[in-house]
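Accompanying notes for the structure given below.
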Amino acid sequence: MSVAPYAADRYSRMQYRFCGKSGLQLPLLSLGLWHNFGDSAPYENQRAIVRAAFDLGITHFDLANNYGPPAGSAESNFGRMLRGDLKAYRDELIISSKAGWDMWPGPYGQGGGSRKYVLASLDQSLKRLGLDYIDIFYSHRFDPDTPLEETMGALATAVSQGKALYVGISSYSPNKTREAAQLLQAMGVRPLIHQPSYNMLNRWIEGGLLDALAENGMGCIPFSPLAQGLLSEKYLNGIPANARVNRPGGGSLKQAHLSPENIARAKALNEIAKKRGQSLTQMAIAWVLRDPRVTTALIGASSPEQVRENVGALAKLSFSKEELAEIDRHAVESGINLWEKPSTDQRP
């Protein structure tokens, strides 16, 4: 398989922000491999998406042990790219993965935050990726059945073993974020980043989490900035046959999320985007990035064209007070937060 060279001007095409109070810069857009990178998706399309992203200066690629389907296949497929298209560029990349959800049979593979599960999962992820270390390793969810000190101790061990350069958490509440940060700092490890769900129809992080991150010098990388496609033009006129909700592994987008009320909100926001000279997709991404405490927005894509459209959001990141006020009329909680329980310290 021949590997074409990447765009020589890729880093001038992207903007970067420092992640919290660290020396690490991340691109304003990062590529998540939650959907469209499992064995059910054509490998050549996956490869084209990743190459398009790197050509545009996207250096951060985000995975988790359970991404697929089947679980683990996204890491395996990205590992194949690391051995081919990306082999010469490892030191130009930030690669992250996570442990927290069900992965293998028996009591030690059912997710959570036990030391046994977290460190075994990390070793499995490294094997699938073909790497000696990953750049950021996350606790994927808060586990109320495991002492937080045990979970954070496992993350600290990953750093001390040289298997992770940085650690982060995902879908933790503001209070548990503060506790986790204090525990890690006592172990000599600073938490780098938090990955929460956040978009115009799911604004829970504004209720204290962003403040907790700023207090502890942590960055923020919101996932699902497009509400799994709801904040795009895709569903404004009905559900397309090839929509995620109709594809394998697409069950995270529920039919109830596409309620008439939510579609009406998306249509109203789309009109605001038109007045700004942006697509709804681009405005939704720019809106997430409006807060300087947000380091990078984690986008997904099913084609190279989607990556290019998303990066187009960077052409207009500023909002007037009037625009933000008009957006706030329609950008309200809409019952789409599938990750609410872990972020409120409950069992999933």
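Ligands are numbered from 1 in the order shown, chains are lettered A, B, ... in the order of the structure tokens, and residues start at 1 in each chain.
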**Report entry** Within 12 Å of Asp85 of chain A using only C-alpha atoms, minus same-chain residues under 4 positions, as an NGL selection string
**Finding:** :A and (1-6 or 44 or 46-52 or 54-55 or 77-81 or 89-90)
Hey, could you make a per-residue contact list for segment 245-291 of chain A against segment 321-328 of chain A with 12 Å as the cut-off, showing the nearest pair of atoms and its distance in Å to one decimal, counting only C-alpha atoms, sorted by chain and number, as a tab-separated table?
residue	atom	partner	partner_atom	distance
A:Arg265	CA	A:Ile327	CA	9.7
A:Ala266	CA	A:Ile327	CA	10.5
A:Lys267	CA	A:Ile327	CA	11.6
A:Ala268	CA	A:Ile327	CA	8.6
A:Leu269	CA	A:Ile327	CA	6.6
A:Asn270	CA	A:Ile327	CA	10.0
A:Glu271	CA	A:Ile327	CA	10.1
A:Ile272	CA	A:Ile327	CA	7.4
A:Ala273	CA	A:Ile327	CA	9.5
A:Lys274	CA	A:Glu323	CA	11.8
A:Lys275	CA	A:Glu323	CA	9.6
A:Arg276	CA	A:Glu323	CA	8.8
A:Leu280	CA	A:Ile327	CA	11.6
A:Met283	CA	A:Ile327	CA	10.2
A:Ala284	CA	A:Ile327	CA	10.1
A:Ala286	CA	A:Leu324	CA	11.5
A:Trp287	CA	A:Leu324	CA	8.7
A:Val288	CA	A:Leu324	CA	11.7
A:Arg290	CA	A:Leu324	CA	10.1
Query raised in the report: Excluding same-chain residues fewer than 4 positions from segment 10-23 of chain A, what lies within 6 Å of it counting only C-alpha atoms, as an MDAnalysis selection string?
Result: chainID A and resid 27:28 55:57 217:219 295
Requested in this report: Can you check which residues of segment 165-310 of chain A DSSP gives as strand (DSSP E or B) on the backbone and send them as a list in words?
Outcome: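 Taking segment 165-310 of chain A and keeping strand (DSSP E or B) gives Leu165, Tyr166, Val167, Gly168, Ile169, Ser170, Ile193, His194, Gln195, Ser197, Asn199, Asn202, Gly219, Cys220, Phe223, Ala297, Leu298 and Ile299 of chain A.
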Please, could you write that set of residues out with N, CA, C and O atoms as an mmCIF file, in the first residue's frame?
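File produced: again.cif:
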data_model
loop_
_atom_site.group_PDB
_atom_site.id
_atom_site.type_symbol
_atom_site.label_atom_id
_atom_site.label_comp_id
_atom_site.auth_asym_id
_atom_site.auth_seq_id
_atom_site.Cartn_x
_atom_site.Cartn_y
_atom_site.Cartn_z
ATOM 1 N N LEU A 165 1.389 9.264 28.760
ATOM 2 C CA LEU A 165 2.077 10.509 29.082
ATOM 3 C C LEU A 165 1.223 11.404 29.971
ATOM 4 O O LEU A 165 1.742 12.100 30.850
ATOM 5 N N TYR A 166 -0.087 11.404 29.729
ATOM 6 C CA TYR A 166 -1.028 12.225 30.488
ATOM 7 C C TYR A 166 -2.250 11.363 30.811
ATOM 8 O O TYR A 166 -2.493 10.343 30.152
ATOM 9 N N VAL A 167 -3.033 11.829 31.795
ATOM 10 C CA VAL A 167 -4.277 11.127 32.118
ATOM 11 C C VAL A 167 -5.422 12.126 32.191
ATOM 12 O O VAL A 167 -5.230 13.324 32.437
ATOM 13 N N GLY A 168 -6.630 11.606 31.978
ATOM 14 C CA GLY A 168 -7.820 12.424 32.024
ATOM 15 C C GLY A 168 -9.000 11.628 32.545
ATOM 16 O O GLY A 168 -8.886 10.430 32.845
ATOM 17 N N ILE A 169 -10.135 12.293 32.652
ATOM 18 C CA ILE A 169 -11.370 11.662 33.080
ATOM 19 C C ILE A 169 -12.479 12.079 32.128
ATOM 20 O O ILE A 169 -12.380 13.088 31.435
ATOM 21 N N SER A 170 -13.551 11.302 32.112
ATOM 22 C CA SER A 170 -14.665 11.575 31.210
ATOM 23 C C SER A 170 -15.977 11.373 31.950
ATOM 24 O O SER A 170 -16.136 10.397 32.694
ATOM 25 N N ILE A 193 -7.067 16.676 31.482
ATOM 26 C CA ILE A 193 -8.214 17.019 30.648
ATOM 27 C C ILE A 193 -9.444 16.248 31.088
ATOM 28 O O ILE A 193 -9.341 15.167 31.689
ATOM 29 N N HIS A 194 -10.605 16.820 30.801
ATOM 30 C CA HIS A 194 -11.890 16.178 31.058
ATOM 31 C C HIS A 194 -12.648 16.127 29.735
ATOM 32 O O HIS A 194 -12.672 17.095 28.989
ATOM 33 N N GLN A 195 -13.292 14.975 29.470
ATOM 34 C CA GLN A 195 -14.065 14.802 28.235
ATOM 35 C C GLN A 195 -15.543 14.610 28.589
ATOM 36 O O GLN A 195 -15.974 13.518 28.937
ATOM 37 N N SER A 197 -19.820 15.265 27.536
ATOM 38 C CA SER A 197 -20.757 15.563 26.451
ATOM 39 C C SER A 197 -21.173 17.024 26.585
ATOM 40 O O SER A 197 -21.409 17.519 27.693
ATOM 41 N N ASN A 199 -23.151 20.277 24.048
ATOM 42 C CA ASN A 199 -23.574 20.919 22.805
ATOM 43 C C ASN A 199 -24.721 21.868 23.124
ATOM 44 O O ASN A 199 -25.114 22.025 24.286
ATOM 45 N N ASN A 202 -27.442 20.289 25.119
ATOM 46 C CA ASN A 202 -26.993 19.521 26.286
ATOM 47 C C ASN A 202 -25.909 20.348 26.980
ATOM 48 O O ASN A 202 -24.728 20.200 26.697
ATOM 49 N N GLY A 219 -7.869 21.000 30.999
ATOM 50 C CA GLY A 219 -8.523 21.334 29.748
ATOM 51 C C GLY A 219 -9.861 20.633 29.630
ATOM 52 O O GLY A 219 -10.225 19.775 30.445
ATOM 53 N N CYS A 220 -10.601 20.994 28.591
ATOM 54 C CA CYS A 220 -11.919 20.406 28.342
ATOM 55 C C CYS A 220 -12.024 20.044 26.872
ATOM 56 O O CYS A 220 -11.719 20.862 25.997
ATOM 57 N N PHE A 223 -17.294 16.099 23.784
ATOM 58 C CA PHE A 223 -17.668 15.199 22.698
ATOM 59 C C PHE A 223 -19.130 15.416 22.340
ATOM 60 O O PHE A 223 -19.896 15.997 23.097
ATOM 61 N N ALA A 297 -12.756 20.731 20.402
ATOM 62 C CA ALA A 297 -14.030 20.043 20.215
ATOM 63 C C ALA A 297 -13.770 18.716 19.523
ATOM 64 O O ALA A 297 -13.029 18.646 18.541
ATOM 65 N N LEU A 298 -14.392 17.658 20.038
ATOM 66 C CA LEU A 298 -14.173 16.319 19.506
ATOM 67 C C LEU A 298 -15.241 16.006 18.469
ATOM 68 O O LEU A 298 -16.405 15.802 18.804
ATOM 69 N N ILE A 299 -14.844 16.001 17.213
ATOM 70 C CA ILE A 299 -15.796 15.769 16.132
ATOM 71 C C ILE A 299 -15.757 14.304 15.700
ATOM 72 O O ILE A 299 -14.774 13.596 15.899
#
Query raised in the report: Just asking: which residues within segment 146-311 of chain A are alpha helix (DSSP H) according to DSSP, as an MDAnalysis selection string?
Result: chainID A and resid 148:160 174:186 209:215 260:276 280:288 304:311
Query raised in the report: From the list A:Ser232, A:Gln182, A:Asn337, A:Ser73, which residue is nearest Gln306 of chain A when using only C-alpha atoms?
Result: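 Of A:Ser232, A:Gln182, A:Asn337, A:Ser73, the one nearest Gln306 of chain A is A:Ser232, counting only C-alpha atoms.
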Query - Long-range neighbours of Trp34 of chain A as number ranges by chain, 7 Å cut-off, only C-alpha atoms, 6 positions minimum in chain - result: A: 63, 67-68
Take the selection from the previous step and output its residues with N, CA and C atoms, as a JSON list (two decimals), in the first residue's frame.
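File again20.json, as written:
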[["chain", "number", "residue", "atom", "x", "y", "z"],
["A", 63, "LEU", "N", -9.75, 7.61, 20.91],
["A", 63, "LEU", "CA", -10.34, 6.28, 20.87],
["A", 63, "LEU", "C", -10.78, 5.86, 22.26],
["A", 67, "TYR", "N", -14.73, 1.14, 21.41],
["A", 67, "TYR", "CA", -15.19, 1.71, 20.15],
["A", 67, "TYR", "C", -15.15, 0.65, 19.05],
["A", 68, "GLY", "N", -16.15, 0.67, 18.20],
["A", 68, "GLY", "CA", -16.28, -0.30, 17.12],
["A", 68, "GLY", "C", -17.49, 0.08, 16.26]]
Report task. Skip segment 135-147 of chain A itself and residues of its chain fewer than 5 positions away, then list as a PyMOL selection string all residues within 7 Å of it, counting only C-alpha atoms. Result -> chain A and resi 94-100+112-114+164-172+342+345-347
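When the distance limit is 9 Å and only C-alpha atoms are what count, the residues near Thr177 of chain A, minus those fewer than 2 positions from it on the same chain, are Ile169, Tyr172, Ser173, Pro174, Asn175, Glu179, Ala180, Ala181, Gln182, His194, Leu209, Ala212, Leu213 and Asn216 of chain A.
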